[in-house]
Amino acid sequence: MTDLSSFPITKKWPAQHPDRLQLYSLPTPNGVKVSIMLEETGLPYEPHLVSFETSDQMSPEFLSLNPNNKIPAIIDPDGPGGRPLALFESGAILLYLADKTGQCVPRDAAARYETIQWLMFQMGGIGPMFGQLGFFHKFAGREYEDKRPRDRYVAESKRLLAVLDARLRGRNWLMGDDYTIADIAIFPWVRNLIGFYEARELVGFDEYTEVLRVLAAFVERPAVLRGLGIPARG
Ligand SMILES: N[C@@H](CCC(=O)N[C@@H](CS)C(=O)NCC(=O)O)C(=O)O
């Protein structure tokens, strides 16, 4: 029987199935990347809800796993060498799960690096820029009189959408016929931009017809539909 008691996070979120991968998350665009990937791979896992309403991400137990106080984070009881592995940062987790299962990342070395390149495009570009747009358009930043910060993130989001649109022309997914962790990283953020952030008109989203086409295919996948609701909000 696997023992995860040396991880302080298990005191606040006890593992009912310590032999399964433990997911600490909330269904936000970064959180669902990992639940979607887990649903795609079929790996057994146990989800735990980290509620922002009660600032769970600031608790000492959560910080013991991710000192950066952000979801998602995981513990894989069966990590490299058969030893438990704790990880945070969704891009690192996606890459780890892809390597562990041999799924959602091409075997060919050049195609693998190209997939990682698009994964990083999400981590360094789409996530931070769309996130700032959300802040200035929908959340506290909406009240700021000076609209220049908002306009800057709108312009940058449009530029990123155009890059994505061009890449998707003539391809089913970011990497062509292969559905990969790059798609799993990017499309929850695109969905969030026009959904929760309500920025469809602001960014002229309907101009990006290739992005629209692939987003529609993404949200039809059964694993995506399931992953978008995991962990269930209380
Ligand atoms: N680069 C990180 C970003 C994670 C992130 O920003 N998570 C947000 C939710 S989408 C969060 O946990 N926010 C809580 C906080 O900032 O206190 C990743 O991709 O894992």
# chains A, B, ... in the order shown; residues from 1 in each chain; ligands from 1

call {"tool": "residues_around", "arguments": {"residues": "Ala232 in chain A", "least_positions_apart": "6", "cutoff": "12 Å", "atoms": "only C-alpha atoms", "output": "list in words"}}
result
Tyr24, Ser25, Leu26, Pro27, Thr28, Gly31, Val32, Ser35, Glu46, Pro47, His48, Leu49, Val50, Ser51 and Arg226 of chain A

call {"tool": "write_last_selection", "arguments": {"atoms": "C-alpha atoms", "output": "compact mmCIF listing (two decimals), in the first residue's frame"}}
result
# COMPACT_ATOMS: atom_id res chain seq x y z
CA TYR A 24 -5.12 19.30 -6.48
CA SER A 25 -7.04 21.69 -8.67
CA LEU A 26 -10.09 23.77 -9.58
CA PRO A 27 -11.78 23.83 -13.01
CA THR A 28 -10.09 27.00 -14.29
CA GLY A 31 -6.67 23.48 -13.83
CA VAL A 32 -8.65 21.71 -16.55
CA SER A 35 -8.00 16.94 -15.66
CA GLU A 46 -8.14 11.16 -7.32
CA PRO A 47 -9.17 14.83 -7.69
CA HIS A 48 -9.17 17.23 -4.72
CA LEU A 49 -10.87 20.62 -4.88
CA VAL A 50 -8.69 23.62 -3.97
CA SER A 51 -11.23 26.34 -3.30
CA ARG A 226 -15.57 15.41 -18.54

call {"tool": "select_by_dssp", "arguments": {"residues": "range 38-232 of chain A", "states": "strand (DSSP E or B)", "output": "list in words"}}
result
Tyr45, Glu46, Pro47, His48, Leu49, Ala73, Ile74, Ile75, Asp76, Leu85, Ala86, Leu87, Phe88, Trp173, Met175, Gly176 and Asp178 of chain A

call {"tool": "closest_residue", "arguments": {"among": "A:Asp183, A:Glu39, A:Glu145, A:Glu207", "to": "Phe121 in chain A", "atoms": "only C-alpha atoms"}}
result
A:Asp183

call {"tool": "residues_near_ligand", "arguments": {"ligand": "ligand 1", "cutoff": "6 Å", "atoms": "only C-alpha atoms and all ligand atoms", "output": "ChimeraX atom specification"}}
result
/A:28-30,69-72,89-91

call {"tool": "write_last_selection", "arguments": {"atoms": "N, CA, C and O atoms", "output": "short mmCIF file (atom, residue, chain, number, x, y, z; two decimals), in the first residue's frame"}}
result
data_model
loop_
_atom_site.label_atom_id
_atom_site.label_comp_id
_atom_site.auth_asym_id
_atom_site.auth_seq_id
_atom_site.Cartn_x
_atom_site.Cartn_y
_atom_site.Cartn_z
N THR A 28 -10.45 25.76 -13.59
CA THR A 28 -10.09 27.00 -14.29
C THR A 28 -9.33 26.58 -15.57
O THR A 28 -9.00 25.40 -15.72
N PRO A 29 -9.02 27.54 -16.47
CA PRO A 29 -8.31 27.14 -17.70
C PRO A 29 -6.97 26.43 -17.44
O PRO A 29 -6.60 25.55 -18.20
N ASN A 30 -6.27 26.80 -16.37
CA ASN A 30 -5.03 26.07 -16.07
C ASN A 30 -5.32 24.73 -15.41
O ASN A 30 -4.66 23.73 -15.69
N ASN A 69 1.65 29.08 -4.74
CA ASN A 69 0.20 29.18 -4.43
C ASN A 69 -0.73 29.18 -5.64
O ASN A 69 -1.67 29.97 -5.71
N LYS A 70 -0.45 28.29 -6.59
CA LYS A 70 -1.34 28.22 -7.76
C LYS A 70 -1.67 26.77 -8.07
O LYS A 70 -0.81 25.88 -7.97
N ILE A 71 -2.94 26.57 -8.49
CA ILE A 71 -3.32 25.26 -9.01
C ILE A 71 -2.96 25.24 -10.48
O ILE A 71 -2.85 26.32 -11.10
N PRO A 72 -2.78 24.07 -11.12
CA PRO A 72 -2.88 22.73 -10.56
C PRO A 72 -1.55 22.23 -10.01
O PRO A 72 -0.48 22.74 -10.35
N GLU A 89 3.00 23.58 -11.91
CA GLU A 89 3.11 24.19 -13.25
C GLU A 89 2.46 23.25 -14.28
O GLU A 89 2.98 22.16 -14.57
N SER A 90 1.34 23.71 -14.83
CA SER A 90 0.54 22.84 -15.71
C SER A 90 1.32 22.33 -16.92
O SER A 90 1.13 21.19 -17.35
N GLY A 91 2.22 23.16 -17.48
CA GLY A 91 2.98 22.73 -18.65
C GLY A 91 3.90 21.55 -18.30
O GLY A 91 4.00 20.57 -19.06
#

call {"tool": "residues_around", "arguments": {"residues": "range 189-201 of chain A", "least_positions_apart": "6", "cutoff": "10 Å", "atoms": "only C-alpha atoms", "output": "list in words"}}
result
Thr28, Pro29, Asn30, Val32, Lys33, Gln122, Ile126, Gly127, Phe130, Gly131, Leu133, Gly134, Phe135, Phe136, His137, Lys138, Phe139, Val154, Ser157, Leu161, Val211, Leu212, Leu215, Ala216, Phe218 and Val219 of chain A

call {"tool": "write_last_selection", "arguments": {"atoms": "C-alpha atoms", "output": "JSON list (two decimals), in the first residue's frame"}}
result
[["chain", "number", "residue", "atom", "x", "y", "z"],
["A", 28, "THR", "CA", -10.09, 27.00, -14.29],
["A", 29, "PRO", "CA", -8.31, 27.14, -17.70],
["A", 30, "ASN", "CA", -5.03, 26.07, -16.07],
["A", 32, "VAL", "CA", -8.65, 21.71, -16.55],
["A", 33, "LYS", "CA", -5.56, 21.18, -18.70],
["A", 122, "GLN", "CA", 0.54, 28.85, -24.43],
["A", 126, "ILE", "CA", -1.72, 32.91, -24.44],
["A", 127, "GLY", "CA", -2.14, 32.21, -20.71],
["A", 130, "PHE", "CA", -5.53, 36.37, -22.04],
["A", 131, "GLY", "CA", -5.39, 36.36, -18.23],
["A", 133, "LEU", "CA", -7.21, 40.82, -20.68],
["A", 134, "GLY", "CA", -9.67, 39.09, -18.32],
["A", 135, "PHE", "CA", -8.48, 41.26, -15.42],
["A", 136, "PHE", "CA", -8.83, 44.55, -17.31],
["A", 137, "HIS", "CA", -12.03, 43.64, -19.15],
["A", 138, "LYS", "CA", -14.09, 41.65, -16.66],
["A", 139, "PHE", "CA", -12.59, 41.89, -13.18],
["A", 154, "VAL", "CA", -6.55, 43.18, -26.35],
["A", 157, "SER", "CA", -4.48, 38.68, -27.57],
["A", 161, "LEU", "CA", -5.07, 34.54, -32.04],
["A", 211, "VAL", "CA", -9.46, 28.79, -34.24],
["A", 212, "LEU", "CA", -13.26, 28.56, -34.13],
["A", 215, "LEU", "CA", -12.21, 24.89, -30.68],
["A", 216, "ALA", "CA", -15.52, 23.30, -31.78],
["A", 218, "PHE", "CA", -11.94, 20.24, -29.01],
["A", 219, "VAL", "CA", -15.04, 20.81, -26.89]]

call {"tool": "closest_residue", "arguments": {"among": "A:Ile36, A:Leu164, A:Met58, A:Ala109", "to": "Ile181 in chain A", "atoms": "only C-alpha atoms"}}
result
A:Ile36

call {"tool": "closest_residue", "arguments": {"among": "A:Leu65, A:Ala155, A:Ala111, A:Leu23", "to": "Pro231 in chain A", "atoms": "only C-alpha atoms"}}
result
A:Leu23

call {"tool": "closest_residue", "arguments": {"among": "A:Leu43, A:Ala73, A:Ala182, A:Leu119", "to": "Leu87 in chain A", "atoms": "only C-alpha atoms"}}
result
A:Ala73

call {"tool": "select_by_dssp", "arguments": {"residues": "range 8-229 of chain A", "states": "helix (DSSP H, G or I)", "output": "PyMOL selection string"}}
result
chain A and resi 9-12+29-41+56-58+60-63+80-82+90-101+109-137+140-143+148-168+181-194+205-207+209-220+222-227

call {"tool": "atom_distance", "arguments": {"atom1": "CA of Pro67 in chain A", "atom2": "CA of Ile93 in chain A"}}
result
15.8 Å

call {"tool": "residues_around", "arguments": {"residues": "Phe7 in chain A", "least_positions_apart": "4", "cutoff": "9 Å", "atoms": "only C-alpha atoms", "output": "list in words"}}
result
Lys11, Glu61, Ser64, Leu65, Ile75 and Ala86 of chain A

call {"tool": "write_last_selection", "arguments": {"atoms": "N, CA, C and O atoms", "output": "PDB file, in the first residue's frame"}}
result
ATOM      1  N   LYS A  11      -2.639  15.940   4.664  1.00  0.00           N
ATOM      2  CA  LYS A  11      -3.326  16.162   5.947  1.00  0.00           C
ATOM      3  C   LYS A  11      -4.623  16.936   5.698  1.00  0.00           C
ATOM      4  O   LYS A  11      -5.644  16.682   6.323  1.00  0.00           O
ATOM      5  N   GLU A  61      -0.597  23.694   3.929  1.00  0.00           N
ATOM      6  CA  GLU A  61      -0.575  22.356   3.315  1.00  0.00           C
ATOM      7  C   GLU A  61      -0.423  22.460   1.798  1.00  0.00           C
ATOM      8  O   GLU A  61       0.354  21.727   1.197  1.00  0.00           O
ATOM      9  N   SER A  64       3.019  23.673   0.791  1.00  0.00           N
ATOM     10  CA  SER A  64       4.082  22.658   0.932  1.00  0.00           C
ATOM     11  C   SER A  64       4.309  21.928  -0.398  1.00  0.00           C
ATOM     12  O   SER A  64       5.383  21.406  -0.653  1.00  0.00           O
ATOM     13  N   LEU A  65       3.276  21.918  -1.263  1.00  0.00           N
ATOM     14  CA  LEU A  65       3.407  21.261  -2.578  1.00  0.00           C
ATOM     15  C   LEU A  65       3.767  22.273  -3.652  1.00  0.00           C
ATOM     16  O   LEU A  65       4.578  22.002  -4.525  1.00  0.00           O
ATOM     17  N   ILE A  75       0.517  14.848  -7.110  1.00  0.00           N
ATOM     18  CA  ILE A  75       1.498  13.878  -6.603  1.00  0.00           C
ATOM     19  C   ILE A  75       1.228  12.583  -7.362  1.00  0.00           C
ATOM     20  O   ILE A  75       0.089  12.089  -7.353  1.00  0.00           O
ATOM     21  N   ALA A  86       6.117  14.852  -6.798  1.00  0.00           N
ATOM     22  CA  ALA A  86       5.217  16.010  -6.673  1.00  0.00           C
ATOM     23  C   ALA A  86       5.594  17.012  -7.757  1.00  0.00           C
ATOM     24  O   ALA A  86       6.782  17.247  -8.011  1.00  0.00           O
TER      25      ALA A  86
END

call {"tool": "residues_around", "arguments": {"residues": "Arg83 in chain A", "least_positions_apart": "5", "cutoff": "12 Å", "atoms": "only C-alpha atoms", "output": "PyMOL selection string"}}
result
chain A and resi 2-4+19+75-78

call {"tool": "closest_residue", "arguments": {"among": "A:Gly229, A:Gly204, A:Gly176, A:Gly234", "to": "Lys158 in chain A", "atoms": "only C-alpha atoms"}}
result
A:Gly204

call {"tool": "closest_residue", "arguments": {"among": "A:Arg150, A:Thr180, A:Lys12, A:Pro44", "to": "Gly102 in chain A", "atoms": "only C-alpha atoms"}}
result
A:Thr180

call {"tool": "atom_distance", "arguments": {"atom1": "CA of Pro80 in chain A", "atom2": "CA of Ala98 in chain A"}}
result
13.4 Å

call {"tool": "atom_distance", "arguments": {"atom1": "CA of Arg20 in chain A", "atom2": "CA of Asn66 in chain A"}}
result
19.4 Å

call {"tool": "decode", "arguments": {"residues": "range 133-176 of chain A", "atoms": "N, CA and C atoms", "output": "mmCIF file, in the first residue's frame"}}
result
data_model
loop_
_atom_site.group_PDB
_atom_site.id
_atom_site.type_symbol
_atom_site.label_atom_id
_atom_site.label_comp_id
_atom_site.auth_asym_id
_atom_site.auth_seq_id
_atom_site.Cartn_x
_atom_site.Cartn_y
_atom_site.Cartn_z
ATOM 1 N N LEU A 133 -6.019 40.277 -20.005
ATOM 2 C CA LEU A 133 -7.207 40.824 -20.676
ATOM 3 C C LEU A 133 -8.438 40.603 -19.786
ATOM 4 N N GLY A 134 -8.544 39.393 -19.216
ATOM 5 C CA GLY A 134 -9.669 39.090 -18.315
ATOM 6 C C GLY A 134 -9.706 40.065 -17.145
ATOM 7 N N PHE A 135 -8.547 40.341 -16.569
ATOM 8 C CA PHE A 135 -8.483 41.259 -15.420
ATOM 9 C C PHE A 135 -8.976 42.656 -15.803
ATOM 10 N N PHE A 136 -8.494 43.164 -16.939
ATOM 11 C CA PHE A 136 -8.831 44.550 -17.311
ATOM 12 C C PHE A 136 -10.206 44.672 -17.969
ATOM 13 N N HIS A 137 -10.738 43.572 -18.470
ATOM 14 C CA HIS A 137 -12.035 43.637 -19.153
ATOM 15 C C HIS A 137 -13.182 43.241 -18.234
ATOM 16 N N LYS A 138 -12.957 42.190 -17.418
ATOM 17 C CA LYS A 138 -14.085 41.651 -16.659
ATOM 18 C C LYS A 138 -13.968 41.853 -15.152
ATOM 19 N N PHE A 139 -12.742 41.866 -14.650
ATOM 20 C CA PHE A 139 -12.588 41.887 -13.185
ATOM 21 C C PHE A 139 -12.178 43.288 -12.695
ATOM 22 N N ALA A 140 -11.394 43.354 -11.610
ATOM 23 C CA ALA A 140 -11.151 44.641 -10.933
ATOM 24 C C ALA A 140 -10.636 45.731 -11.878
ATOM 25 N N GLY A 141 -9.827 45.363 -12.874
ATOM 26 C CA GLY A 141 -9.227 46.347 -13.771
ATOM 27 C C GLY A 141 -10.242 47.069 -14.643
ATOM 28 N N ARG A 142 -11.449 46.541 -14.707
ATOM 29 C CA ARG A 142 -12.515 47.146 -15.514
ATOM 30 C C ARG A 142 -12.834 48.565 -15.049
ATOM 31 N N GLU A 143 -12.632 48.788 -13.734
ATOM 32 C CA GLU A 143 -12.960 50.097 -13.153
ATOM 33 C C GLU A 143 -11.892 51.154 -13.460
ATOM 34 N N TYR A 144 -10.733 50.753 -13.951
ATOM 35 C CA TYR A 144 -9.658 51.727 -14.176
ATOM 36 C C TYR A 144 -10.050 52.671 -15.317
ATOM 37 N N GLU A 145 -9.863 53.951 -15.062
ATOM 38 C CA GLU A 145 -10.222 54.929 -16.098
ATOM 39 C C GLU A 145 -9.313 54.843 -17.321
ATOM 40 N N ASP A 146 -8.038 54.661 -17.043
ATOM 41 C CA ASP A 146 -7.058 54.575 -18.131
ATOM 42 C C ASP A 146 -7.213 53.233 -18.855
ATOM 43 N N LYS A 147 -7.635 53.272 -20.092
ATOM 44 C CA LYS A 147 -7.913 52.032 -20.837
ATOM 45 C C LYS A 147 -6.682 51.509 -21.581
ATOM 46 N N ARG A 148 -5.539 52.194 -21.436
ATOM 47 C CA ARG A 148 -4.370 51.737 -22.200
ATOM 48 C C ARG A 148 -3.910 50.323 -21.824
ATOM 49 N N PRO A 149 -3.904 49.956 -20.516
ATOM 50 C CA PRO A 149 -3.503 48.565 -20.213
ATOM 51 C C PRO A 149 -4.454 47.555 -20.871
ATOM 52 N N ARG A 150 -5.764 47.805 -20.781
ATOM 53 C CA ARG A 150 -6.718 46.887 -21.405
ATOM 54 C C ARG A 150 -6.459 46.779 -22.915
ATOM 55 N N ASP A 151 -6.264 47.939 -23.540
ATOM 56 C CA ASP A 151 -6.072 47.937 -24.995
ATOM 57 C C ASP A 151 -4.793 47.194 -25.394
ATOM 58 N N ARG A 152 -3.799 47.331 -24.544
ATOM 59 C CA ARG A 152 -2.552 46.609 -24.840
ATOM 60 C C ARG A 152 -2.797 45.093 -24.843
ATOM 61 N N TYR A 153 -3.534 44.593 -23.846
ATOM 62 C CA TYR A 153 -3.754 43.136 -23.772
ATOM 63 C C TYR A 153 -4.749 42.670 -24.835
ATOM 64 N N VAL A 154 -5.656 43.537 -25.236
ATOM 65 C CA VAL A 154 -6.553 43.182 -26.346
ATOM 66 C C VAL A 154 -5.717 43.017 -27.619
ATOM 67 N N ALA A 155 -4.836 43.992 -27.881
ATOM 68 C CA ALA A 155 -4.013 43.938 -29.094
ATOM 69 C C ALA A 155 -3.125 42.698 -29.088
ATOM 70 N N GLU A 156 -2.548 42.422 -27.935
ATOM 71 C CA GLU A 156 -1.652 41.257 -27.850
ATOM 72 C C GLU A 156 -2.447 39.948 -27.989
ATOM 73 N N SER A 157 -3.646 39.901 -27.438
ATOM 74 C CA SER A 157 -4.479 38.683 -27.568
ATOM 75 C C SER A 157 -4.873 38.473 -29.022
ATOM 76 N N LYS A 158 -5.202 39.550 -29.702
ATOM 77 C CA LYS A 158 -5.569 39.440 -31.130
ATOM 78 C C LYS A 158 -4.370 38.945 -31.940
ATOM 79 N N ARG A 159 -3.212 39.474 -31.608
ATOM 80 C CA ARG A 159 -2.008 39.051 -32.328
ATOM 81 C C ARG A 159 -1.766 37.550 -32.124
ATOM 82 N N LEU A 160 -1.922 37.083 -30.886
ATOM 83 C CA LEU A 160 -1.721 35.652 -30.593
ATOM 84 C C LEU A 160 -2.774 34.796 -31.299
ATOM 85 N N LEU A 161 -4.011 35.286 -31.337
ATOM 86 C CA LEU A 161 -5.073 34.537 -32.042
ATOM 87 C C LEU A 161 -4.748 34.427 -33.529
ATOM 88 N N ALA A 162 -4.177 35.490 -34.084
ATOM 89 C CA ALA A 162 -3.823 35.454 -35.515
ATOM 90 C C ALA A 162 -2.696 34.442 -35.768
ATOM 91 N N VAL A 163 -1.733 34.370 -34.851
ATOM 92 C CA VAL A 163 -0.648 33.382 -34.973
ATOM 93 C C VAL A 163 -1.238 31.970 -34.925
ATOM 94 N N LEU A 164 -2.144 31.771 -33.989
ATOM 95 C CA LEU A 164 -2.789 30.455 -33.826
ATOM 96 C C LEU A 164 -3.624 30.108 -35.054
ATOM 97 N N ASP A 165 -4.354 31.088 -35.539
ATOM 98 C CA ASP A 165 -5.211 30.875 -36.710
ATOM 99 C C ASP A 165 -4.367 30.435 -37.919
ATOM 100 N N ALA A 166 -3.251 31.114 -38.127
ATOM 101 C CA ALA A 166 -2.382 30.777 -39.264
ATOM 102 C C ALA A 166 -1.809 29.368 -39.096
ATOM 103 N N ARG A 167 -1.416 29.024 -37.893
ATOM 104 C CA ARG A 167 -0.861 27.688 -37.651
ATOM 105 C C ARG A 167 -1.908 26.589 -37.926
ATOM 106 N N LEU A 168 -3.166 26.866 -37.625
ATOM 107 C CA LEU A 168 -4.204 25.829 -37.738
ATOM 108 C C LEU A 168 -4.717 25.649 -39.168
ATOM 109 N N ARG A 169 -4.375 26.625 -40.043
ATOM 110 C CA ARG A 169 -4.859 26.519 -41.429
ATOM 111 C C ARG A 169 -4.346 25.224 -42.053
ATOM 112 N N GLY A 170 -5.271 24.385 -42.538
ATOM 113 C CA GLY A 170 -4.852 23.129 -43.180
ATOM 114 C C GLY A 170 -4.471 22.032 -42.192
ATOM 115 N N ARG A 171 -4.698 22.269 -40.899
ATOM 116 C CA ARG A 171 -4.374 21.239 -39.888
ATOM 117 C C ARG A 171 -5.608 20.941 -39.038
ATOM 118 N N ASN A 172 -5.715 19.700 -38.586
ATOM 119 C CA ASN A 172 -6.809 19.355 -37.670
ATOM 120 C C ASN A 172 -6.534 19.876 -36.265
ATOM 121 N N TRP A 173 -5.263 19.772 -35.872
ATOM 122 C CA TRP A 173 -4.832 20.200 -34.531
ATOM 123 C C TRP A 173 -3.520 20.969 -34.683
ATOM 124 N N LEU A 174 -2.992 21.473 -33.583
ATOM 125 C CA LEU A 174 -1.724 22.219 -33.654
ATOM 126 C C LEU A 174 -0.645 21.428 -34.373
ATOM 127 N N MET A 175 -0.596 20.131 -34.138
ATOM 128 C CA MET A 175 0.449 19.299 -34.734
ATOM 129 C C MET A 175 -0.083 18.478 -35.910
ATOM 130 N N GLY A 176 -1.107 18.969 -36.571
ATOM 131 C CA GLY A 176 -1.633 18.246 -37.741
ATOM 132 C C GLY A 176 -2.661 17.216 -37.317
#
